[in-house]
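Student: One structure coming up, written as structure tokens, with questions to follow.
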Amino acid sequence: MSVEIQKRRCKKCSKEAIRANVGTYTKKSSKRWIGEDGKQWSGLTCPDCQRNRACVNMRRLRAERKGSNESGT
């Protein structure tokens, strides 16, 4: 199996990075992309931007849950 290598620009931070196709998931049409640092790319978003987005979403969800618990509902 040959490894496909691409130079890709992140859609969030516009940082250019090299990523490699290291195979597929159980669904054969979905490719698995790994960056230079060994972290997985999520579509067109680099691993660092994906992690930051996940942290922001978790903070927002926790704040929403805390707010609903304090209101007594």
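Naming scheme: A, B, ... for chains in displayed order of the structure tokens; residues 1 onward per chain; ligands 1 onward as shown.
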Residues at most 10 Å from stretch 48-60 of chain A, counting only C-alpha atoms, excluding those fewer than 3 positions away in the same chain, as JSON, numbers by chain?
Tutor: {"A": [10, 11, 12, 13, 39, 40, 41, 42, 43, 44, 45, 63, 64, 65, 66]}
Student: Store the residues of this selection in a file with N, CA, C and O atoms, as an mmCIF file, in the first residue's frame.
Tutor:
```cif
data_model
loop_
_atom_site.group_PDB
_atom_site.id
_atom_site.type_symbol
_atom_site.label_atom_id
_atom_site.label_comp_id
_atom_site.auth_asym_id
_atom_site.auth_seq_id
_atom_site.Cartn_x
_atom_site.Cartn_y
_atom_site.Cartn_z
ATOM 1 N N CYS A 10 -4.977 24.747 6.257
ATOM 2 C CA CYS A 10 -6.095 24.670 7.195
ATOM 3 C C CYS A 10 -7.091 25.780 6.879
ATOM 4 O O CYS A 10 -6.702 26.907 6.597
ATOM 5 N N LYS A 11 -8.394 25.459 6.930
ATOM 6 C CA LYS A 11 -9.411 26.458 6.590
ATOM 7 C C LYS A 11 -9.623 27.476 7.703
ATOM 8 O O LYS A 11 -10.179 28.530 7.461
ATOM 9 N N LYS A 12 -9.183 27.185 8.930
ATOM 10 C CA LYS A 12 -9.358 28.114 10.052
ATOM 11 C C LYS A 12 -8.173 29.063 10.194
ATOM 12 O O LYS A 12 -8.337 30.265 10.258
ATOM 13 N N CYS A 13 -6.971 28.505 10.296
ATOM 14 C CA CYS A 13 -5.794 29.331 10.593
ATOM 15 C C CYS A 13 -4.927 29.607 9.369
ATOM 16 O O CYS A 13 -3.954 30.356 9.458
ATOM 17 N N LYS A 39 -0.808 13.725 14.546
ATOM 18 C CA LYS A 39 -2.194 13.977 14.943
ATOM 19 C C LYS A 39 -3.105 13.890 13.731
ATOM 20 O O LYS A 39 -2.704 14.176 12.613
ATOM 21 N N GLN A 40 -4.345 13.515 13.991
ATOM 22 C CA GLN A 40 -5.297 13.276 12.914
ATOM 23 C C GLN A 40 -5.974 14.557 12.450
ATOM 24 O O GLN A 40 -6.398 15.373 13.259
ATOM 25 N N TRP A 41 -6.068 14.720 11.139
ATOM 26 C CA TRP A 41 -6.780 15.850 10.547
ATOM 27 C C TRP A 41 -8.266 15.541 10.507
ATOM 28 O O TRP A 41 -8.675 14.421 10.250
ATOM 29 N N SER A 42 -9.074 16.570 10.754
ATOM 30 C CA SER A 42 -10.522 16.430 10.692
ATOM 31 C C SER A 42 -11.008 17.221 9.474
ATOM 32 O O SER A 42 -11.268 18.412 9.556
ATOM 33 N N GLY A 43 -11.113 16.571 8.335
ATOM 34 C CA GLY A 43 -11.516 17.253 7.109
ATOM 35 C C GLY A 43 -10.456 18.248 6.672
ATOM 36 O O GLY A 43 -9.308 17.893 6.471
ATOM 37 N N LEU A 44 -10.827 19.508 6.564
ATOM 38 C CA LEU A 44 -9.885 20.553 6.147
ATOM 39 C C LEU A 44 -9.336 21.347 7.327
ATOM 40 O O LEU A 44 -8.678 22.354 7.142
ATOM 41 N N THR A 45 -9.616 20.904 8.547
ATOM 42 C CA THR A 45 -9.194 21.611 9.751
ATOM 43 C C THR A 45 -7.990 20.905 10.368
ATOM 44 O O THR A 45 -8.017 19.693 10.570
ATOM 45 N N ALA A 63 -21.299 25.703 30.447
ATOM 46 C CA ALA A 63 -21.935 26.934 30.919
ATOM 47 C C ALA A 63 -23.452 26.852 30.758
ATOM 48 O O ALA A 63 -24.201 27.286 31.647
ATOM 49 N N GLU A 64 -23.922 26.285 29.657
ATOM 50 C CA GLU A 64 -25.363 26.126 29.440
ATOM 51 C C GLU A 64 -25.974 25.194 30.478
ATOM 52 O O GLU A 64 -27.032 25.475 31.035
ATOM 53 N N ARG A 65 -25.294 24.087 30.753
ATOM 54 C CA ARG A 65 -25.807 23.142 31.750
ATOM 55 C C ARG A 65 -25.793 23.748 33.153
ATOM 56 O O ARG A 65 -26.720 23.547 33.929
ATOM 57 N N LYS A 66 -24.741 24.471 33.469
ATOM 58 C CA LYS A 66 -24.652 25.118 34.780
ATOM 59 C C LYS A 66 -25.758 26.144 34.939
ATOM 60 O O LYS A 66 -26.396 26.238 35.973
#
```
Student: Can you pull out the residues contacting A:Ala20? Cut-off 7 Å, using only C-alpha atoms, and skip same-chain residues under 2 positions away; I want them as JSON, numbers by chain.
Tutor: {"A": [3, 4, 5, 6, 18, 22, 33, 34, 35]}
Student: Would you put the residues from that selection into a file with N, CA, C and O atoms, as a compact mmCIF listing (two decimals), in the first residue's frame?
Tutor:
```txt
# COMPACT_ATOMS: atom_id res chain seq x y z
N VAL A 3 1.60 5.31 0.41
CA VAL A 3 1.12 6.39 1.26
C VAL A 3 0.99 7.64 0.41
O VAL A 3 1.93 8.06 -0.26
N GLU A 4 -0.19 8.22 0.42
CA GLU A 4 -0.46 9.44 -0.33
C GLU A 4 -0.13 10.64 0.57
O GLU A 4 -0.59 10.72 1.70
N ILE A 5 0.68 11.56 0.08
CA ILE A 5 1.09 12.73 0.86
C ILE A 5 0.60 13.99 0.16
O ILE A 5 0.74 14.13 -1.05
N GLN A 6 0.00 14.90 0.95
CA GLN A 6 -0.51 16.16 0.42
C GLN A 6 0.00 17.32 1.25
O GLN A 6 0.24 17.19 2.44
N ILE A 18 1.87 19.46 5.89
CA ILE A 18 1.90 18.21 5.12
C ILE A 18 1.11 17.16 5.90
O ILE A 18 1.25 17.04 7.11
N VAL A 22 -3.02 7.47 5.67
CA VAL A 22 -2.46 6.25 6.26
C VAL A 22 -3.44 5.08 6.22
O VAL A 22 -3.27 4.12 6.95
N TRP A 33 -6.36 10.75 7.56
CA TRP A 33 -5.23 11.63 7.31
C TRP A 33 -4.52 11.95 8.61
O TRP A 33 -5.14 12.32 9.60
N ILE A 34 -3.18 11.83 8.61
CA ILE A 34 -2.36 12.10 9.77
C ILE A 34 -1.36 13.20 9.39
O ILE A 34 -0.74 13.15 8.33
N GLY A 35 -1.20 14.19 10.27
CA GLY A 35 -0.28 15.29 10.01
C GLY A 35 1.16 14.93 10.34
O GLY A 35 1.47 13.81 10.75
```
Student: Just want the 7 Å neighbourhood of A:Arg32, counted on only C-alpha atoms, with same-chain residues fewer than 5 positions away dropped. Output as a list in words.
Tutor: Asn21, Val22, Gly23, Thr24 and Tyr25 of chain A
Student: When DSSP works through the backbone of this structure, what residues of chain A end up as strand (DSSP E), shown as number ranges by chain?
Tutor: A: 4-9, 16-24, 31-35
Student: Taking the DSSP secondary structure from the backbone, can you list the residues of chain A that are alpha helix (DSSP H), as a list in words?
Tutor: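 Selecting the alpha helix (DSSP H) positions of chain A gives Pro47, Asp48, Cys49, Gln50, Arg51, Asn52, Arg53, Ala54, Cys55, Val56, Asn57, Met58, Arg59, Arg60, Leu61, Arg62, Ala63, Glu64, Arg65, Lys66, Gly67, Ser68, Asn69 and Glu70 of chain A.
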Student: For a test of reading the model, state the distance in Å between atom CA of A:Lys15 and atom CA of A:Leu61, rounded to one decimal.
Tutor: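 Atom-to-atom, atom CA of A:Lys15 to atom CA of A:Leu61, that is 28.1 Å.
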Student: Please compute the atom CA of A:Ala17-atom CA of A:Cys46 distance, one decimal, in Å.
Tutor: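 Distance reported for this atom pair: 8.3 Å.
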